[in-house]
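Here the structure comes first, spelled out in structure tokens, and everything after it is commentary.
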Amino acid sequence: MMRLSGGQIVTRALIKNGIPWIAGIPGHGCLALVDALYEARNELPVYLVRHEQSAAHMADGYYRVTGKPAAVFTSIGPGALNLAVGLATSYVDSTAMLAFIGETHTYMFGRGVLQELERNRAADSLRALEPLTRYSHLAGRVEQLPSALNRAFKAMNSGRPGPAVIALPMDVQAEGMNIDPDRLSFNNSASTCRPDAAELGKAAQLINTAKRPLIIAGGGALRSGATEVLVQLAERIGAAVITTMAGKSAYPEDHPLYAWHAGSKGTGCGNKLAQSADLVIAVGCRFADETTSSYQAGTSFSIPPAKLIHIDIEPNEIGKNYPVAAGLNGDASIVLAALLEELGKPKIDYRELDYTAEIISTREAWFKELYRLRGSDRSPVTVSQALAEIRAALPRSGYLVTSSGHSQAQVLQEFPFCEPGTHVTTGGFSTMGFSLPAALGVKLARPDKAVVALVGDGDFLMTGQELATAVQYKLPVTVVVLNNSGFLSIRDLQHDVYGEARRFATEFRGTDGDLVSPDFTALASAFGVGAEKVSEPGQVRPALERALASGEPRLLEVTVNREHPWSGGKAAGWWDVPVPEYLTDRRQQYETERSSDQQKI
């Protein structure tokens with residue numbers, strides 16, 4: 001038995017259960033926890049960030065690459081609530097982290113002490129974060145901590161991953177209890193149950209009778225490490241393979257069966273093959289609106305008449321947005337292995353199938369359409385051309401981290417990844433500000449790999465202060481800022497949906513109408529980061545190669561073309577963006593598109 005404070009119980013539990021590090025910002029509300037971190041500093045590294053949101057994104061990026069949760073900490077009040085965007089990103093994309101937020105002393109509950117939320121309920125910060133977690137707990141006594149920590153680890157590591165949050169009142173952090181330290185080592189092994197045998201047989205029968213099977217792999221395929229078995233299944237049944245944004249890089253994108261993506265931000269080849277599939281096998285996929293062209297029947301998917309086999313670790317996702325012919329609940333890699341076993345050996349080589357030749361030709365036709373943007377020598381360089389040069393400079397095993405906007409959407413459409421998990425992005429929550437801090441987490445996970453954070457200028461300005469964190473801890477991440485002086489993905493959406501004349505509040509213009517943009521290279525230099533600025537085709541690749549070769553944090557500013565449509569990518573599907581009734585002609589067009597056989601949900 002040992003006498004440990006609440007803070008020491010937390011740090012001992014983190015170390016014993018394999019948490020690699022903890023990131024956050026100290027404050028008066030977590031001082032006793034920070035002091036326990038001081039005592040454990042040789043076993044549990046602490047990373048100071050410049051904003052609590054960034055701590056969550058760092059842990060998120062680390063988990064996406066390793067499958068292992070890290071921890072974050074904050075003070076009371078504003079520090080705790082600054083975690084909200086990071087937690088929501090993690091929750092929607094099903095990644096795990098363990099967060100500790102400071103809280104007022106239990107004997108001060110309800111008095112309205114500094115930074116307490118208490119008008120409705122005392123010490124109420126946690127309630128604001130509850131919808132963003134798989135598990136949340138306010139520890140009222142130090143004796144509650146071992147049980148709360150055990151439940152938090154189980155919530156993170158079993159079933160569908162997600163973040164857990166424990167609120168630590170200041171006195172609970174400081175008070176002690178007698179405890180056997182072995183009680184803080186928890187058994188959190190994941191379930192390895194096989195899927196239901198009857199559903200497995202049904203799925204095999206559906207596959208054996210399908211003529212045009214298609215596999216769609218989502219974020220769940222990446223989380224389970226299912227790349228190898230995905231390839232085996234696709235080749236066994238001769239299926240076209242597409243991925244969602246969250247699942248991109250779950251399947252090697254130079255494979256002959258790969259057909260890229262479906263949906264409103266997808267590709268022409270992905271939509272065409274998804275439309276015409278007679279069997280869809282969904283692996284760890286939610287069928288969100290962008291993936292499905294807002295559920296408009298026949299635009300991306302035709303379910304029904306196509307049959308659906310839905311594989312997911314979360315039973316509530318199976319059949320949520322489309323009816324299923326067979327539902328297989330479980331970890332994707334385990335279910336796919338069982339399905340392969342059920343199917344037995346193939347009767348024909350997939351390379352000899354006419355369907356395979358069609359997949360290849362359909363993909364080639366899509367990239368011919370894209371060449372108008374990618375092959376352009378316009379000045380400044382288009383995003384598409386910049387991406388081609390970035391791909392040429394980034395090693396095959398390098399990591400590219402994106403957030404939201406044109407850069408994210410065009411990476412989805414155009415940028416091939418051949419190593420599993422090397423594409424890291426915020427999917428379902430599409431969080432701006434994610435890329436740079438998440439890239440720091442990726443670099444902590446893969447210190448020997450090239451890591452590039454690709455951001456727009458608006459995105460970068462939300463968490464750009466984390467350049468200071470990169471310098472402090474010597475994390476050689478390269479930030480590529482595609483500078484178009486505004487939120488141009490939204491400007492271009494206004495252009496396409498509402499008309500060019502109604503583009504508004506999306507460009508960074510001064511009162512005189514001129515563009516206003518920071519000098520990002522000067523900003524980087526102020527943080528101690530070497531920087532370079534380019535704008536012409538042919539300049540991006542060598543500049544990025546120089547940055548990666550430096551072995552230090554670097555920033556590359558790329559001034560990109562702002563002229564529509566050269567400013568963005570190519571629309572492939574349909575997205576439900578409502579048009580006001582007073583825009584009469586466009587509203588009529590919108591209503592026509594929306595009513596055209598849209599699935600009723």
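Residues are referred to by chain and number: the chain letter is A, B, ... according to the order shown in the structure tokens, the number counts from 1 in that chain, and ligands are numbered separately from 1 in the order shown.
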Which residues, written as a list in words, have at least one atom at most 12 Å from Asn187 of chain A, with only C-alpha atoms counted and residues fewer than 5 positions away on the same chain left out?
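Surrounding residues, per the criterion: Ala13, Lys16, Asn17, Gly18, Leu149, Asn150, Arg151, Ala152, Phe153, Lys154, Ala155, Asn157, Ser158 and Asp182 of chain A.
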Name the residues of segment 136-263 of chain A that come out as strand (DSSP E or B) in a backbone DSSP run; write them as a ChimeraX atom specification.
/A:136-138,164-169,176-179,213-217,240-243,258
Can I get the selection written as a PDB file, in the first residue's frame, with C-alpha atoms?
```pdb
ATOM      1  CA  SER A 136     -17.214  11.633 -18.528  1.00  0.00           C
ATOM      2  CA  HIS A 137     -16.982  11.804 -14.748  1.00  0.00           C
ATOM      3  CA  LEU A 138     -16.686  14.466 -12.056  1.00  0.00           C
ATOM      4  CA  ALA A 164     -12.953  10.322 -22.197  1.00  0.00           C
ATOM      5  CA  VAL A 165     -12.933  13.269 -19.772  1.00  0.00           C
ATOM      6  CA  ILE A 166     -12.452  13.310 -16.007  1.00  0.00           C
ATOM      7  CA  ALA A 167     -13.038  16.533 -14.059  1.00  0.00           C
ATOM      8  CA  LEU A 168     -10.648  16.877 -11.109  1.00  0.00           C
ATOM      9  CA  PRO A 169     -11.640  19.321  -8.345  1.00  0.00           C
ATOM     10  CA  GLY A 176      -4.409  11.436  -0.568  1.00  0.00           C
ATOM     11  CA  MET A 177      -5.547   7.877  -0.043  1.00  0.00           C
ATOM     12  CA  ASN A 178      -3.902   4.546   0.722  1.00  0.00           C
ATOM     13  CA  ILE A 179      -3.868   2.370  -2.389  1.00  0.00           C
ATOM     14  CA  PRO A 213     -19.345  -5.674 -56.156  1.00  0.00           C
ATOM     15  CA  LEU A 214     -17.966  -2.505 -54.606  1.00  0.00           C
ATOM     16  CA  ILE A 215     -16.213  -2.068 -51.252  1.00  0.00           C
ATOM     17  CA  ILE A 216     -16.349   1.278 -49.451  1.00  0.00           C
ATOM     18  CA  ALA A 217     -13.830   1.601 -46.608  1.00  0.00           C
ATOM     19  CA  ALA A 240     -13.961  -2.030 -56.995  1.00  0.00           C
ATOM     20  CA  VAL A 241     -12.730  -0.232 -53.874  1.00  0.00           C
ATOM     21  CA  ILE A 242     -13.491   3.322 -52.813  1.00  0.00           C
ATOM     22  CA  THR A 243     -12.832   5.064 -49.514  1.00  0.00           C
ATOM     23  CA  TYR A 258      -8.954   1.261 -56.467  1.00  0.00           C
TER      24      TYR A 258
END
```
Taking only C-alpha atoms into account, produce a table as a Markdown table in which each residue of segment 164-281 of chain A with an atom at most 7 Å from an atom of segment 339-346 of chain A appears once, together with its shortest atom pair and the distance in Å to one decimal, ordered by chain and rising number.
```
| residue | atom | partner | partner_atom | distance |
| --- | --- | --- | --- | --- |
| A:Leu200 | CA | A:Leu339 | CA | 6.5 |
| A:Ala204 | CA | A:Leu343 | CA | 5.9 |
| A:Leu233 | CA | A:Leu340 | CA | 6.4 |
| A:Arg236 | CA | A:Pro346 | CA | 5.5 |
```
Which residue gives the smallest distance to Asn329 of chain A among A:Glu199, A:Thr382, A:Leu48, A:Val451, with only C-alpha atoms counted?
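The answer is A:Glu199, which sits nearest to Asn329 of chain A.
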Let's see if you can do this: from backbone DSSP, list all helix (DSSP H, G or I) residues in segment 272-503 of chain A, as a PyMOL selection string.
chain A and resi 272-276+289-292+315-317+332-343+350-352+354-374+383-393+406-414+435-445+457-472+488-498+500-502
Using only C-alpha atoms for the distances, tell me which of A:Val534, A:Glu116, A:Thr244, A:Gly67 is nearest to Asp289 of chain A.
A:Thr244
Find the spatial neighbours of Leu83 of chain A, counting only C-alpha atoms, within a cut-off of 8 Å - ignore same-chain residues fewer than 4 positions away - and output them as a ChimeraX atom specification.
/A:52-53,55-56,79,87
Please save C-alpha atoms of the selected residues as a PDB file, in the first residue's frame.
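Now in part-v1.pdb:
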```
ATOM      1  CA  GLU A  52      -5.912  23.751 -25.241  1.00  0.00           C
ATOM      2  CA  GLN A  53      -7.683  22.871 -28.509  1.00  0.00           C
ATOM      3  CA  ALA A  55      -3.491  19.656 -27.117  1.00  0.00           C
ATOM      4  CA  ALA A  56      -6.550  17.626 -28.119  1.00  0.00           C
ATOM      5  CA  GLY A  79      -9.118  26.117 -20.293  1.00  0.00           C
ATOM      6  CA  LEU A  87     -12.931  16.679 -28.259  1.00  0.00           C
TER       7      LEU A  87
END
```
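Minimum distance to Ala203 of chain A across A:Leu129, A:Val231, A:Ala409, A:Val335 (counting only C-alpha atoms) occurs at A:Val335.
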As a short mmCIF file (atom, residue, chain, number, x, y, z; two decimals) with N, CA and C atoms, in the first residue's frame, please: the residues near segment 22-27 of chain A (cut-off 6 Å, only C-alpha atoms, same-chain neighbours under 2 positions excluded).
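Writing done, so here's out25.cif:
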```
data_model
loop_
_atom_site.label_atom_id
_atom_site.label_comp_id
_atom_site.auth_asym_id
_atom_site.auth_seq_id
_atom_site.Cartn_x
_atom_site.Cartn_y
_atom_site.Cartn_z
N GLY A 29 -6.29 25.90 -11.54
CA GLY A 29 -7.24 24.82 -11.32
C GLY A 29 -6.65 23.43 -11.47
N CYS A 30 -5.38 23.33 -11.89
CA CYS A 30 -4.78 22.00 -12.04
C CYS A 30 -3.37 21.96 -11.46
N VAL A 46 5.77 15.78 -20.69
CA VAL A 46 4.72 16.80 -20.71
C VAL A 46 5.03 17.80 -21.82
N TYR A 47 4.04 18.06 -22.69
CA TYR A 47 4.19 19.02 -23.77
C TYR A 47 3.25 20.20 -23.53
N LEU A 48 3.83 21.40 -23.47
CA LEU A 48 3.03 22.61 -23.33
C LEU A 48 2.62 23.10 -24.71
N VAL A 49 1.34 23.32 -24.89
CA VAL A 49 0.83 23.91 -26.13
C VAL A 49 0.47 25.36 -25.86
N GLU A 52 -5.47 25.09 -25.66
CA GLU A 52 -5.91 23.75 -25.24
C GLU A 52 -6.51 22.94 -26.38
N ALA A 55 -3.88 20.85 -27.87
CA ALA A 55 -3.49 19.66 -27.12
C ALA A 55 -4.35 18.47 -27.54
N ALA A 71 -2.78 11.68 -23.54
CA ALA A 71 -3.59 12.39 -22.55
C ALA A 71 -3.42 13.90 -22.69
N VAL A 72 -4.42 14.63 -22.23
CA VAL A 72 -4.36 16.10 -22.23
C VAL A 72 -4.84 16.60 -20.87
N PHE A 73 -4.42 17.82 -20.52
CA PHE A 73 -4.87 18.40 -19.26
C PHE A 73 -5.13 19.90 -19.44
N THR A 74 -6.06 20.41 -18.64
CA THR A 74 -6.37 21.84 -18.67
C THR A 74 -6.66 22.30 -17.25
N SER A 75 -6.75 23.61 -17.12
CA SER A 75 -7.20 24.19 -15.87
C SER A 75 -8.73 24.22 -15.86
#
```
Name all residues at most 12 Å from Val516 of chain A (count only C-alpha atoms; drop same-chain ones fewer than 2 positions away) and give them as a list in words.
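Counting only C-alpha atoms, the residues come to Asp457, Gly458, Asn483, Asn484, Ser485, Gly486, Glu507, Phe508, Arg509, Gly510, Thr511, Asp512, Gly513, Asp514, Pro518 and Asp519 of chain A.
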What does the distance from atom CA of Phe487 of chain A to atom CA of Pro553 of chain A come to in Å, to one decimal?
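We find that atom CA of Phe487 of chain A and atom CA of Pro553 of chain A lie 25.5 Å from each other.
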Rounded to one decimal place, report the atom CA of Ile15 of chain A-atom CA of Ala148 of chain A distance in Å.
16.0 Å
Within 10 Å of Phe527 of chain A, counting only C-alpha atoms, which residues show up once you throw out same-chain ones fewer than 6 positions away? Write them as an MDAnalysis selection string, please.
chainID A and resid 464:472
Figure out the distance between atom CA of Val65 of chain A and atom CA of Ala445 of chain A, please, to one decimal in Å.
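Distance between the two atoms: 6.8 Å.
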Please identify all polymer residues within 9 Å of Thr478 of chain A, counting only C-alpha atoms, omitting same-chain residues fewer than 4 positions from it, and present them as an MDAnalysis selection string.
chainID A and resid 436 439 450:454 544 547:548 552:556
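Comparing the minimum interatomic distances between Glu253 of chain A and each of A:Asp496, A:Asp124, A:Glu419, A:Asp459, counting only C-alpha atoms, we find that A:Glu419 sits nearest.
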Between A:Gly441, A:Pro131, A:Pro578, A:Gly330, single out the one closest to Thr592 of chain A, counting only C-alpha atoms.
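Going through A:Gly441, A:Pro131, A:Pro578, A:Gly330 one by one, the smallest distance to Thr592 of chain A is for A:Pro578.
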Please determine, counting only C-alpha atoms, which residue among A:Pro565, A:Gly263, A:Gly530, A:Pro476 has the shortest atom-to-atom distance to Gly551 of chain A.
A:Pro476
